[in-house]
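Here the structure comes first, spelled out in structure tokens, and everything after it is commentary.
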Amino acid sequence: MSESKKSAKFQPLSAPKGLPDYVPPQSATFLRVRDEFARQAHLAGYQHIELPVFEDTTLFARGVGESTDVVSKEMYTFTDRGDRSVTLRPEGTAGVMRAVIQHNLDRGYLPVKLNYYGPFFRYERPQAGRYRQLQQVGVEAIGVDDPLLDAEVIALADRCFRAIGLRGYRLELNSLGDAQCRLDYREKLQDFLFALPLDEETRARAEINPLRVLDDKRAEVREMTADAPLMVDHLCEDCRAHFETVRTTLDAMGVEYVLNPRMVRGLDYYTKTCFEFVHDGLGAQSGIGGGGRYDGLMAQIGGQDLSGIGFGLGVDRALLALEAEGVTLEGVERRVDVFGVAIGEAAQARMALLIDELRAAGLSADMAYGGRGLKGAMKGADRAGAKYALVLGDRELESGEVAVKDLAAHTQETVELSSAAVLEQLR
Ligand code: HAM
């Protein structure tokens, strides 16, 4: 029995439901987007932080909030072999806070500005743009409660999306007030909501988190709550002034936004400024990024009482948004710049050395393997999206030369068979 027949006894496996793979060629775009977001963060002075993908469950229960869907319904929680309850991180902010406290970063110069990226895990119902393993690039600026910093973070998120060529999104902005004025407002809102003929579930929500009722997408609830009091109209003087400065700074920076006084974020730690980037080309999962300020979070998980602000940008949804807008990032289809096409055993052996030297000099280069003929090897150059093919046959080998083919211009130059001469020709 042949090898392939033997292995057919086994069923092929798929990744668990809702977990995306990033395979070539699309994986090139994934990397470019993630790296561009991180690059923009570094340009603004955020330093990389690499954190564990799972943490003690308590961190998220305390940090993100037990009443949120993320904590109550969506966490991947399990007991490890040492009988500890651990959870795959559903988001990044709580872990960053934990690390900042643990490593005393909050005792140095403030704000601490950190950037992270990687996978996060939420047991949501999978659909287009909603995965159980999702990729985010995030920043957190911790320790200073300055509205100019809010504007920086929001403008940075906007710049990230613009840098990859997205245009068809809008930035929604709101203020959730601070612990005091939100509490006062919450009571007013509850008085309003409890006077309405709400169904049982919505009523229960009004008890636990009345602000979330305002975010209800059902038309009948929208109608009933059309005249509900709004947080923005009940901000205390400090919060009002803070929000005003955020807005005038964004205006001055030319960052466009719309106010959405009904916006409620899915995590409990937000206070004052919060924001979301919404893309209309994505259907139901339209949030491509979001964030906001969090006053009480650090104290909540056992640190100093310092404020912070940050965002998480959804890399998966940014990729879908690029597709929806028909944007292709320049050069992503190019696997290597230079591709070696050598005919005959001796030429192939020589080409392997030449390609190795070109890589050592910093060029991206590959060659045809497996003793292919000219046609098959040229196909390899084409598939690799190469700009140049280096063609070496017996005749060239004998005369110590190699042909450098410009594949776009359809021109060809013959140069000495050395990496120095090839590099000179490609310069
Ligand atoms: P978030 O709004 O929960 O915020 O998530 C940020 C972004 O991650 C969303 O806007 C969305 O693009 C993406 N995302 C979330 N869930 C999924 C999913 N199931 N599938 C695909 N993409 C998803 C946070 O996580 C906060 N930690 C952001 C933050 C940082 N706030 C302050 N600092």
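Starting from 1 in every chain, residues are counted up; chains themselves are A, B, ... following the order of the structure tokens, and ligands are numbered from 1 as listed.
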task: Identify, with DSSP run on backbone atoms, the residues in range 224-342 of chain A assigned to helix (DSSP H, G or I), and express the list as a ChimeraX atom specification.
output: /A:224,231-234,237-253,280-282,297-300,315-325
Write a file of the just-selected residues containing C-alpha atoms, as a JSON list (two decimals), in the first residue's frame.
[["chain", "number", "residue", "atom", "x", "y", "z"],
["A", 224, "MET", "CA", -39.25, 53.84, 24.47],
["A", 231, "MET", "CA", -24.83, 60.76, 30.57],
["A", 232, "VAL", "CA", -23.31, 63.59, 28.51],
["A", 233, "ASP", "CA", -25.99, 65.94, 29.85],
["A", 234, "HIS", "CA", -25.25, 64.93, 33.44],
["A", 237, "GLU", "CA", -17.89, 69.95, 35.92],
["A", 238, "ASP", "CA", -14.54, 68.08, 35.85],
["A", 239, "CYS", "CA", -15.78, 65.41, 33.46],
["A", 240, "ARG", "CA", -17.47, 68.00, 31.25],
["A", 241, "ALA", "CA", -14.27, 70.06, 30.98],
["A", 242, "HIS", "CA", -12.21, 66.91, 30.35],
["A", 243, "PHE", "CA", -14.49, 65.83, 27.51],
["A", 244, "GLU", "CA", -14.52, 69.35, 26.08],
["A", 245, "THR", "CA", -10.71, 69.38, 25.86],
["A", 246, "VAL", "CA", -10.64, 65.94, 24.26],
["A", 247, "ARG", "CA", -13.05, 67.20, 21.62],
["A", 248, "THR", "CA", -11.38, 70.52, 20.90],
["A", 249, "THR", "CA", -7.99, 68.78, 20.66],
["A", 250, "LEU", "CA", -9.34, 66.21, 18.19],
["A", 251, "ASP", "CA", -10.92, 69.06, 16.22],
["A", 252, "ALA", "CA", -7.59, 70.88, 16.10],
["A", 253, "MET", "CA", -5.84, 67.68, 15.01],
["A", 280, "ASP", "CA", -20.07, 50.08, 7.65],
["A", 281, "GLY", "CA", -18.80, 47.44, 5.24],
["A", 282, "LEU", "CA", -18.70, 44.64, 7.79],
["A", 297, "LEU", "CA", -9.02, 49.69, 37.22],
["A", 298, "MET", "CA", -5.55, 49.78, 38.72],
["A", 299, "ALA", "CA", -6.84, 50.15, 42.26],
["A", 300, "GLN", "CA", -9.39, 47.43, 41.54],
["A", 315, "VAL", "CA", -6.73, 43.04, 13.30],
["A", 316, "ASP", "CA", -9.18, 40.44, 11.94],
["A", 317, "ARG", "CA", -11.84, 43.06, 11.34],
["A", 318, "ALA", "CA", -9.32, 45.50, 9.87],
["A", 319, "LEU", "CA", -8.50, 42.80, 7.32],
["A", 320, "LEU", "CA", -12.18, 42.37, 6.48],
["A", 321, "ALA", "CA", -12.54, 46.14, 6.21],
["A", 322, "LEU", "CA", -9.63, 46.29, 3.75],
["A", 323, "GLU", "CA", -11.36, 43.62, 1.69],
["A", 324, "ALA", "CA", -14.69, 45.47, 1.86],
["A", 325, "GLU", "CA", -12.99, 48.64, 0.63]]
field: range 193-197 of chain A environment, 8 Å, only C-alpha atoms, sequence neighbours closer than 2 positions dropped, as a PyMOL selection string
entry: chain A and resi 189-191+199+203+206+210+224-225+228
query: Which is closest to Asp56 in chain A among A:Pro111, A:Gly373, A:Gly296, A:Gly95, if we use only C-alpha atoms?
result: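 Ranked by minimum distance to Asp56 in chain A, first place goes to A:Gly95.
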query: Residues at most 7 Å from range 38-49 of chain A, counting only C-alpha atoms, excluding those fewer than 5 positions away in the same chain, as a PyMOL selection string?
result: chain A and resi 113-116+137+160
Give one line per residue of chain A that approaches ligand 1 to at most 9 Å, naming the two atoms of the closest pair and their distance in Å to one decimal, counting only C-alpha atoms and all ligand atoms; sort by chain then ascending residue number and deliver it as a tab-separated table.
residue	atom	partner	partner_atom_place_in_ligand_line	distance
A:Gly18	CA	ligand 1	19 (N)	8.7
A:Val64	CA	ligand 1	27 (N)	8.6
A:Val70	CA	ligand 1	3 (O)	8.1
A:Pro90	CA	ligand 1	25 (O)	7.2
A:Glu91	CA	ligand 1	25 (O)	4.4
A:Gly92	CA	ligand 1	27 (N)	5.0
A:Thr93	CA	ligand 1	27 (N)	4.8
A:Ala94	CA	ligand 1	27 (N)	7.6
A:Phe120	CA	ligand 1	16 (N)	8.2
A:Phe121	CA	ligand 1	19 (N)	7.6
A:Arg122	CA	ligand 1	19 (N)	6.0
A:Tyr123	CA	ligand 1	19 (N)	7.8
A:Glu124	CA	ligand 1	19 (N)	6.1
A:Arg125	CA	ligand 1	19 (N)	8.2
A:Pro126	CA	ligand 1	19 (N)	7.4
A:Gln127	CA	ligand 1	20 (N)	8.5
A:Ala128	CA	ligand 1	20 (N)	8.5
A:Gly129	CA	ligand 1	21 (C)	5.2
A:Arg130	CA	ligand 1	20 (N)	3.5
A:Tyr131	CA	ligand 1	20 (N)	4.0
A:Arg132	CA	ligand 1	19 (N)	5.5
A:Gln133	CA	ligand 1	20 (N)	6.8
A:Leu134	CA	ligand 1	21 (C)	4.7
A:Gln135	CA	ligand 1	22 (N)	6.6
A:Gln136	CA	ligand 1	8 (O)	5.7
A:Val137	CA	ligand 1	8 (O)	8.4
A:Gly138	CA	ligand 1	30 (C)	5.9
A:Val139	CA	ligand 1	30 (C)	6.3
A:Glu140	CA	ligand 1	33 (N)	5.6
A:Ala141	CA	ligand 1	33 (N)	8.5
A:Arg265	CA	ligand 1	2 (O)	6.6
A:Gly266	CA	ligand 1	3 (O)	6.0
A:Leu267	CA	ligand 1	3 (O)	6.6
A:Tyr269	CA	ligand 1	32 (C)	8.4
A:Tyr270	CA	ligand 1	32 (C)	7.7
A:Cys274	CA	ligand 1	31 (N)	8.3
A:Glu276	CA	ligand 1	10 (O)	6.8
A:Phe277	CA	ligand 1	10 (O)	7.0
A:Val278	CA	ligand 1	10 (O)	8.1
A:Gln285	CA	ligand 1	11 (C)	7.9
A:Ser286	CA	ligand 1	12 (O)	7.6
A:Gly287	CA	ligand 1	10 (O)	4.4
A:Ile288	CA	ligand 1	12 (O)	3.6
A:Gly289	CA	ligand 1	10 (O)	3.2
A:Gly290	CA	ligand 1	10 (O)	4.7
A:Gly291	CA	ligand 1	31 (N)	3.6
A:Gly292	CA	ligand 1	32 (C)	5.0
A:Arg293	CA	ligand 1	32 (C)	6.4
A:Tyr294	CA	ligand 1	32 (C)	7.2
A:Gly308	CA	ligand 1	32 (C)	8.0
A:Ile309	CA	ligand 1	32 (C)	5.6
A:Gly310	CA	ligand 1	33 (N)	3.4
A:Phe311	CA	ligand 1	30 (C)	3.6
A:Gly312	CA	ligand 1	28 (C)	3.9
A:Leu313	CA	ligand 1	7 (C)	4.9
A:Gly314	CA	ligand 1	12 (O)	3.4
A:Val315	CA	ligand 1	12 (O)	6.8
A:Asp316	CA	ligand 1	21 (C)	5.8
A:Arg317	CA	ligand 1	12 (O)	5.6
A:Ala318	CA	ligand 1	12 (O)	7.4
- request: Could you give me, as an MDAnalysis selection string, the residues within 9 Å of Glu66 in chain A, counting only C-alpha atoms and dropping anything in the same chain fewer than 6 positions from it?
  value: chainID A and resid 60 72 268
statement: Judged by only C-alpha atoms, the minimum distance to Leu426 in chain A among A:Phe37, A:Tyr388, A:Phe30, A:Tyr369 is found for A:Tyr388
